[in-house]
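What follows is a single structure, written as structure tokens, with notes after it.
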Amino acid sequence: MSKVEKEVRILEALLFAASDPLDRKSLVAQLPVNCNIELLLERVRELYADRGVNLVCVAGRWCFRTAPDLAHFMQREVTMPRRLSRAATETLAIIAYHQPITRAEIEEIRGVSLSRGTLDLLLQAGWIRLRGRRRTPGRPVTYGTTISFLEYFGLEDIESLPGLDELKAAGLLQPMPPENIGEGDAEP
Amino acid sequence: MSKVEKEVRILEALLFAASDPLDRKSLVAQLPVNCNIELLLERVRELYADRGVNLVCVAGRWCFRTAPDLAHFMQREVTMPRRLSRAATETLAIIAYHQPITRAEIEEIRGVSLSRGTLDLLLQAGWIRLRGRRRTPGRPVTYGTTISFLEYFGLEDIESLPGLDELKAAGLLQPMPPENIGEGDAEP
Amino acid sequence: MVKNSSEDSDTLVASMPLVVDLDGYEGPLDALLALARRQQVDLTQISILELAEQYLAFIENARQLRLEIAADYLVMAAWLAYLKSRLLLPNSQCDEGPSGQEMAARLAFQIRRLGAMRNAAEQLMGFNLLGRDVFARGAPEGVNIIRSNVYDVSLYDVLRAYADNRTREEGSRLSIEPRALFSVDEALERLTSLVGRIPDWETLERFLPSGIRNDHEHRAALATTLAATLEMTRSGRLLLRQSAPFSPIHVRRAKRDSENGSDDG
């Protein structure tokens, strides 16, 4: 492999891995010394001219982009995964561990009232379901987890959730020093 | 341009644009109907075999990765993952080879008890997951590796672990010596 | 650390002084593995008897150097001494339990298994690691195909959330017991009902409620009762007297002309 070909490979890798378009200066800084950056860029541009990915220069900086004529193959509604809020994650965990459980019981465990959307969101995501009604005054609805919940989290069954001792053993559950009482900050 | 060449371009673009490795199913869903996905993947693999970016299969899914021999040209400080302790790498290897495995079994193999943070760290890194429970007294939780583990180590599947067959043949992945000697408690 | 390479010859091994550095090992099994690697390159051929002797010498050496030896190292030493005796004695007494050979085989297995896992870990770390040796696309164009999961949450997150909740819970479950202290209102009520029966000077102590269990409650009751007498004195229903600082306080009904002789019951 010739020196130029080797440098072309490095240039490809650099442009591929970069999170932003790269200008000549930063490219030169990462390439072996004494390489002809103009020549290399031209080579790469030619190499990829008819490929599914092209080398383009935007605002004086270089990057790979998918070929514009393939745009309609790239289209698909993008469901960017959203982070589940802390409240929702915690609620989900409590339901998983304490099912069947009523809304009031969840609130008691969390120590705060549940905002309207939280249960809806978990129901919509298909992770929880209505289990039945508690035989107590008001006959409140109880919640539990679904099969999708098990599938999504790769659990064989609900019994596979680690118990408190196991959480402790795995280092997840840590005894909290008494100084923190009242600050509500249980982060280790 | 031939039909296959066109499809190769689309495949390049798809793999290039994706933020995660793609499985056959997702690729087929995006490509024109009636294309030979195996052939296309093989074509792209060949095309990029000597380039600065290669097509690889990790965890049964396809993606581009920079060529390993160019590692030292890449800006390391960007994403250098934190170094794992020896205990952590060893624990990870034991889980990978013996999964599903319980905490007690890991400790038996290592001959020392697992420090609190080790499993937590591996769980947090997303390399191990809870697999289920062993049907033994106490029903202990078992651990196994994740898809991220395969991706991180660039393994096609769990069968590709180095030396797996030899270890199996030597009986080293069994809980007992191959001869399966007595029930005597030779625990040190 | 015991260097474990390039020492194939038994004579060399035998003549090598044992380097004692307990910190270099992760437990006795690790130390045994290191010793075994000195003994032979091929772990399938370890002599457990020789290994036992080396280990015992190693512990003895550490003891002479007055190094602190963790209990599990000593347990292993005791076990190996026992194993050694089992291996050396003719297998005449047919007691139950595994024979010396079986115990030795099991230990050899454990050492080999740990060695194998350690090699595997080293090999794995020598792979082309993502983010260290190979890199993914730095700027994916965001076409995230077929990602049916709308939420990005892992089981770890769920467990973490639960653990955090429990941790908070354990830490904050501080039940404050209701304190059975005598309130000023109660003292006022009590004194009001008693006031008619205090024609002459009595010590304040006598008007404390019954059922006081400890000094703490006693002092609290005394304070509230005093506060109540002050209030009643202010409104002219009681008289208070104290002859010197810290001396007992005395109480007496205030004689009011209008009530004179009428309210004694």
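In the structure tokens, chains take letters A, B, ... by order of appearance, with residues numbered from 1 within each chain and ligands from 1 in the order shown.
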Residues of chain B within 6 Å of chain A, only C-alpha atoms counted, as number ranges by chain: B: 9-10, 12-13, 51-53, 66, 116-117, 119-120, 132-133
Now that the selection is made, can you save its residues with N, CA and C atoms as a PDB file, in the first residue's frame?
```pdb
ATOM      1  N   ARG B   9     -25.279   1.081  -2.674  1.00  0.00           N
ATOM      2  CA  ARG B   9     -25.189   2.491  -2.264  1.00  0.00           C
ATOM      3  C   ARG B   9     -26.170   2.796  -1.132  1.00  0.00           C
ATOM      4  N   ILE B  10     -27.375   2.284  -1.292  1.00  0.00           N
ATOM      5  CA  ILE B  10     -28.379   2.544  -0.249  1.00  0.00           C
ATOM      6  C   ILE B  10     -27.932   1.909   1.074  1.00  0.00           C
ATOM      7  N   GLU B  12     -24.919   1.272   2.050  1.00  0.00           N
ATOM      8  CA  GLU B  12     -23.837   2.095   2.619  1.00  0.00           C
ATOM      9  C   GLU B  12     -24.419   3.278   3.384  1.00  0.00           C
ATOM     10  N   ALA B  13     -25.333   3.943   2.723  1.00  0.00           N
ATOM     11  CA  ALA B  13     -25.908   5.144   3.320  1.00  0.00           C
ATOM     12  C   ALA B  13     -26.647   4.811   4.610  1.00  0.00           C
ATOM     13  N   ARG B  51     -10.290  -0.441   3.469  1.00  0.00           N
ATOM     14  CA  ARG B  51     -10.451   1.002   3.632  1.00  0.00           C
ATOM     15  C   ARG B  51     -10.211   1.418   5.095  1.00  0.00           C
ATOM     16  N   GLY B  52     -10.315   2.703   5.343  1.00  0.00           N
ATOM     17  CA  GLY B  52     -10.101   3.200   6.698  1.00  0.00           C
ATOM     18  C   GLY B  52     -11.288   2.910   7.598  1.00  0.00           C
ATOM     19  N   VAL B  53     -12.383   2.540   6.974  1.00  0.00           N
ATOM     20  CA  VAL B  53     -13.611   2.208   7.691  1.00  0.00           C
ATOM     21  C   VAL B  53     -14.036   0.839   7.195  1.00  0.00           C
ATOM     22  N   THR B  66     -14.152   2.215  12.417  1.00  0.00           N
ATOM     23  CA  THR B  66     -12.838   2.581  11.872  1.00  0.00           C
ATOM     24  C   THR B  66     -11.937   1.347  11.942  1.00  0.00           C
ATOM     25  N   ARG B 116     -18.152  -4.630  46.730  1.00  0.00           N
ATOM     26  CA  ARG B 116     -19.490  -4.109  46.526  1.00  0.00           C
ATOM     27  C   ARG B 116     -19.715  -3.467  45.150  1.00  0.00           C
ATOM     28  N   GLY B 117     -18.766  -2.678  44.742  1.00  0.00           N
ATOM     29  CA  GLY B 117     -19.023  -1.889  43.542  1.00  0.00           C
ATOM     30  C   GLY B 117     -18.875  -2.631  42.224  1.00  0.00           C
ATOM     31  N   LEU B 119     -20.105  -5.434  40.613  1.00  0.00           N
ATOM     32  CA  LEU B 119     -21.262  -5.753  39.778  1.00  0.00           C
ATOM     33  C   LEU B 119     -22.016  -4.486  39.396  1.00  0.00           C
ATOM     34  N   ASP B 120     -22.086  -3.581  40.343  1.00  0.00           N
ATOM     35  CA  ASP B 120     -22.764  -2.316  40.108  1.00  0.00           C
ATOM     36  C   ASP B 120     -22.155  -1.587  38.914  1.00  0.00           C
ATOM     37  N   GLY B 132     -32.056 -13.973  35.389  1.00  0.00           N
ATOM     38  CA  GLY B 132     -33.181 -14.706  35.969  1.00  0.00           C
ATOM     39  C   GLY B 132     -32.776 -15.172  37.336  1.00  0.00           C
ATOM     40  N   ARG B 133     -33.378 -16.264  37.764  1.00  0.00           N
ATOM     41  CA  ARG B 133     -33.013 -16.804  39.070  1.00  0.00           C
ATOM     42  C   ARG B 133     -32.672 -18.273  38.944  1.00  0.00           C
TER      43      ARG B 133
END
```
Nearby residues (only C-alpha atoms) at most 7 Å from stretch 138-146 of chain B, same-chain spacing under 4 positions excluded, as an NGL selection string: (:A and (160 or 162)) or (:B and (95-96 or 99-102 or 126-134 or 150))
Residues of stretch 30-259 of chain C in strand (DSSP E), written as a list in words: Tyr151, Asp152, Glu202, Thr203, Leu238, Leu239, Leu240, Arg241, Gln242, Ile249, His250, Val251, Arg252 and Arg253 of chain C
Atom pair atom CA of C:Arg241 / atom CA of C:Asp200: separation (Å): 11.5 Å
Neighbours of chain B in chain C at 7 Å, counting only C-alpha atoms, as an MDAnalysis selection string: chainID C and resid 26:27 29 76 79 97:98 102:103 106 109:110 113:114 117:118 120:121 127:136 140:146 156
d(atom CA of B:Ile147, atom CA of C:Tyr151) in Å: 17.7 Å
Separation of atom CA of C:Ala81 from atom CA of C:Ala52 in Å: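 Interatomic distance here is 7.1 Å.
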Spatial neighbours of C:Ala220, 9 Å, only C-alpha atoms, chain gap at least 3 places, as a PyMOL selection string: chain C and resi 181-183+215-217+223-225
Those residues with N, CA and C atoms, as a PDB file, in the first residue's frame please?
```pdb
ATOM      1  N   LEU C 181     -46.074  14.988  77.287  1.00  0.00           N
ATOM      2  CA  LEU C 181     -45.703  16.045  78.236  1.00  0.00           C
ATOM      3  C   LEU C 181     -46.953  16.832  78.648  1.00  0.00           C
ATOM      4  N   PHE C 182     -46.853  17.378  79.803  1.00  0.00           N
ATOM      5  CA  PHE C 182     -47.955  18.108  80.418  1.00  0.00           C
ATOM      6  C   PHE C 182     -47.971  19.520  79.847  1.00  0.00           C
ATOM      7  N   SER C 183     -49.073  19.894  79.230  1.00  0.00           N
ATOM      8  CA  SER C 183     -49.097  21.219  78.617  1.00  0.00           C
ATOM      9  C   SER C 183     -49.551  22.273  79.622  1.00  0.00           C
ATOM     10  N   ASP C 215     -37.483  11.866  85.080  1.00  0.00           N
ATOM     11  CA  ASP C 215     -37.046  13.204  85.464  1.00  0.00           C
ATOM     12  C   ASP C 215     -37.402  14.234  84.402  1.00  0.00           C
ATOM     13  N   HIS C 216     -37.262  13.768  83.159  1.00  0.00           N
ATOM     14  CA  HIS C 216     -37.553  14.652  82.046  1.00  0.00           C
ATOM     15  C   HIS C 216     -38.998  15.151  82.116  1.00  0.00           C
ATOM     16  N   GLU C 217     -39.923  14.204  82.292  1.00  0.00           N
ATOM     17  CA  GLU C 217     -41.334  14.567  82.378  1.00  0.00           C
ATOM     18  C   GLU C 217     -41.614  15.393  83.636  1.00  0.00           C
ATOM     19  N   ALA C 223     -42.334  22.875  85.079  1.00  0.00           N
ATOM     20  CA  ALA C 223     -42.268  24.132  84.336  1.00  0.00           C
ATOM     21  C   ALA C 223     -43.660  24.581  83.915  1.00  0.00           C
ATOM     22  N   THR C 224     -44.474  23.629  83.367  1.00  0.00           N
ATOM     23  CA  THR C 224     -45.804  24.035  82.916  1.00  0.00           C
ATOM     24  C   THR C 224     -46.695  24.416  84.089  1.00  0.00           C
ATOM     25  N   THR C 225     -46.555  23.686  85.187  1.00  0.00           N
ATOM     26  CA  THR C 225     -47.374  24.006  86.364  1.00  0.00           C
ATOM     27  C   THR C 225     -47.013  25.386  86.909  1.00  0.00           C
TER      28      THR C 225
END
```
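Of the residues listed (C:Asn214, C:Ser99, C:Thr229, C:Thr167), C:Thr229 shows the shortest atom-to-atom separation from C:Val195; distances use only C-alpha atoms.
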Just the alpha helix (DSSP H) stuff from chain B, please, per backbone DSSP, written as a CSV table (one decimal) with C-alpha atoms, in the first residue's frame.
```csv
chain,number,residue,atom,x,y,z
B,3,LYS,CA,-29.6,-2.8,-9.5
B,4,VAL,CA,-27.2,-4.4,-7.1
B,5,GLU,CA,-24.8,-1.4,-7.2
B,6,LYS,CA,-27.7,0.9,-6.5
B,7,GLU,CA,-28.7,-1.2,-3.5
B,8,VAL,CA,-25.2,-1.3,-2.3
B,9,ARG,CA,-25.2,2.5,-2.3
B,10,ILE,CA,-28.4,2.5,-0.2
B,11,LEU,CA,-27.0,0.0,2.2
B,12,GLU,CA,-23.8,2.1,2.6
B,13,ALA,CA,-25.9,5.1,3.3
B,14,LEU,CA,-28.2,3.3,5.8
B,15,LEU,CA,-25.3,1.8,7.7
B,16,PHE,CA,-23.5,5.1,7.7
B,17,ALA,CA,-26.3,7.2,8.9
B,24,ARG,CA,-30.9,-7.7,8.9
B,25,LYS,CA,-34.6,-7.0,9.6
B,26,SER,CA,-34.2,-3.3,9.9
B,27,LEU,CA,-32.0,-3.2,6.8
B,28,VAL,CA,-34.4,-5.2,4.7
B,29,ALA,CA,-37.2,-2.9,5.8
B,30,GLN,CA,-35.4,0.1,4.5
B,37,ILE,CA,-29.4,-8.7,1.8
B,38,GLU,CA,-26.7,-11.3,2.2
B,39,LEU,CA,-25.2,-10.5,-1.1
B,40,LEU,CA,-25.3,-6.8,-0.5
B,41,LEU,CA,-23.7,-7.1,2.9
B,42,GLU,CA,-20.9,-9.2,1.5
B,43,ARG,CA,-20.4,-6.7,-1.3
B,44,VAL,CA,-20.1,-3.8,1.2
B,45,ARG,CA,-17.8,-5.8,3.4
B,46,GLU,CA,-15.5,-6.5,0.5
B,47,LEU,CA,-15.6,-3.0,-0.7
B,48,TYR,CA,-14.5,-1.6,2.6
B,86,ARG,CA,-8.5,-6.3,37.2
B,87,ALA,CA,-11.2,-7.5,39.5
B,88,ALA,CA,-13.8,-5.9,37.2
B,89,THR,CA,-12.4,-7.3,34.0
B,90,GLU,CA,-12.0,-10.7,35.5
B,91,THR,CA,-15.6,-10.7,36.8
B,92,LEU,CA,-16.8,-9.6,33.4
B,93,ALA,CA,-14.9,-12.4,31.7
B,94,ILE,CA,-16.3,-15.0,34.3
B,95,ILE,CA,-19.8,-13.8,33.7
B,96,ALA,CA,-19.3,-13.9,29.9
B,97,TYR,CA,-18.0,-17.4,29.9
B,98,HIS,CA,-20.2,-18.9,32.6
B,103,ARG,CA,-22.7,-13.9,42.5
B,104,ALA,CA,-21.7,-16.8,44.8
B,105,GLU,CA,-20.5,-18.7,41.8
B,106,ILE,CA,-18.4,-15.8,40.6
B,107,GLU,CA,-16.9,-15.6,44.1
B,108,GLU,CA,-16.1,-19.3,44.1
B,109,ILE,CA,-14.3,-19.0,40.8
B,110,ARG,CA,-12.3,-16.0,41.9
B,116,ARG,CA,-19.5,-4.1,46.5
B,117,GLY,CA,-19.0,-1.9,43.5
B,118,THR,CA,-17.9,-4.5,41.0
B,119,LEU,CA,-21.3,-5.8,39.8
B,120,ASP,CA,-22.8,-2.3,40.1
B,121,LEU,CA,-20.1,-0.9,37.8
B,122,LEU,CA,-20.6,-3.6,35.2
B,123,LEU,CA,-24.4,-3.2,35.4
B,124,GLN,CA,-24.0,0.6,35.0
B,147,ILE,CA,-25.6,-6.7,23.5
B,148,SER,CA,-23.6,-3.6,24.6
B,149,PHE,CA,-21.0,-6.0,25.8
B,150,LEU,CA,-20.7,-7.7,22.4
B,151,GLU,CA,-20.6,-4.3,20.8
B,152,TYR,CA,-17.9,-2.9,23.1
B,153,PHE,CA,-15.7,-5.9,22.5
B,164,LEU,CA,-14.7,-20.8,24.4
B,165,ASP,CA,-14.5,-24.2,22.7
B,166,GLU,CA,-11.2,-25.1,24.3
B,167,LEU,CA,-12.4,-24.1,27.7
B,168,LYS,CA,-15.6,-26.1,27.3
B,169,ALA,CA,-13.6,-29.1,26.1
```
Residue nearest C:Leu188 - candidates C:Arg213, C:Arg237, C:Lys255, C:Arg166, atoms counted: only C-alpha atoms: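 Of C:Arg213, C:Arg237, C:Lys255, C:Arg166, the one nearest C:Leu188, counting only C-alpha atoms, is C:Arg237.
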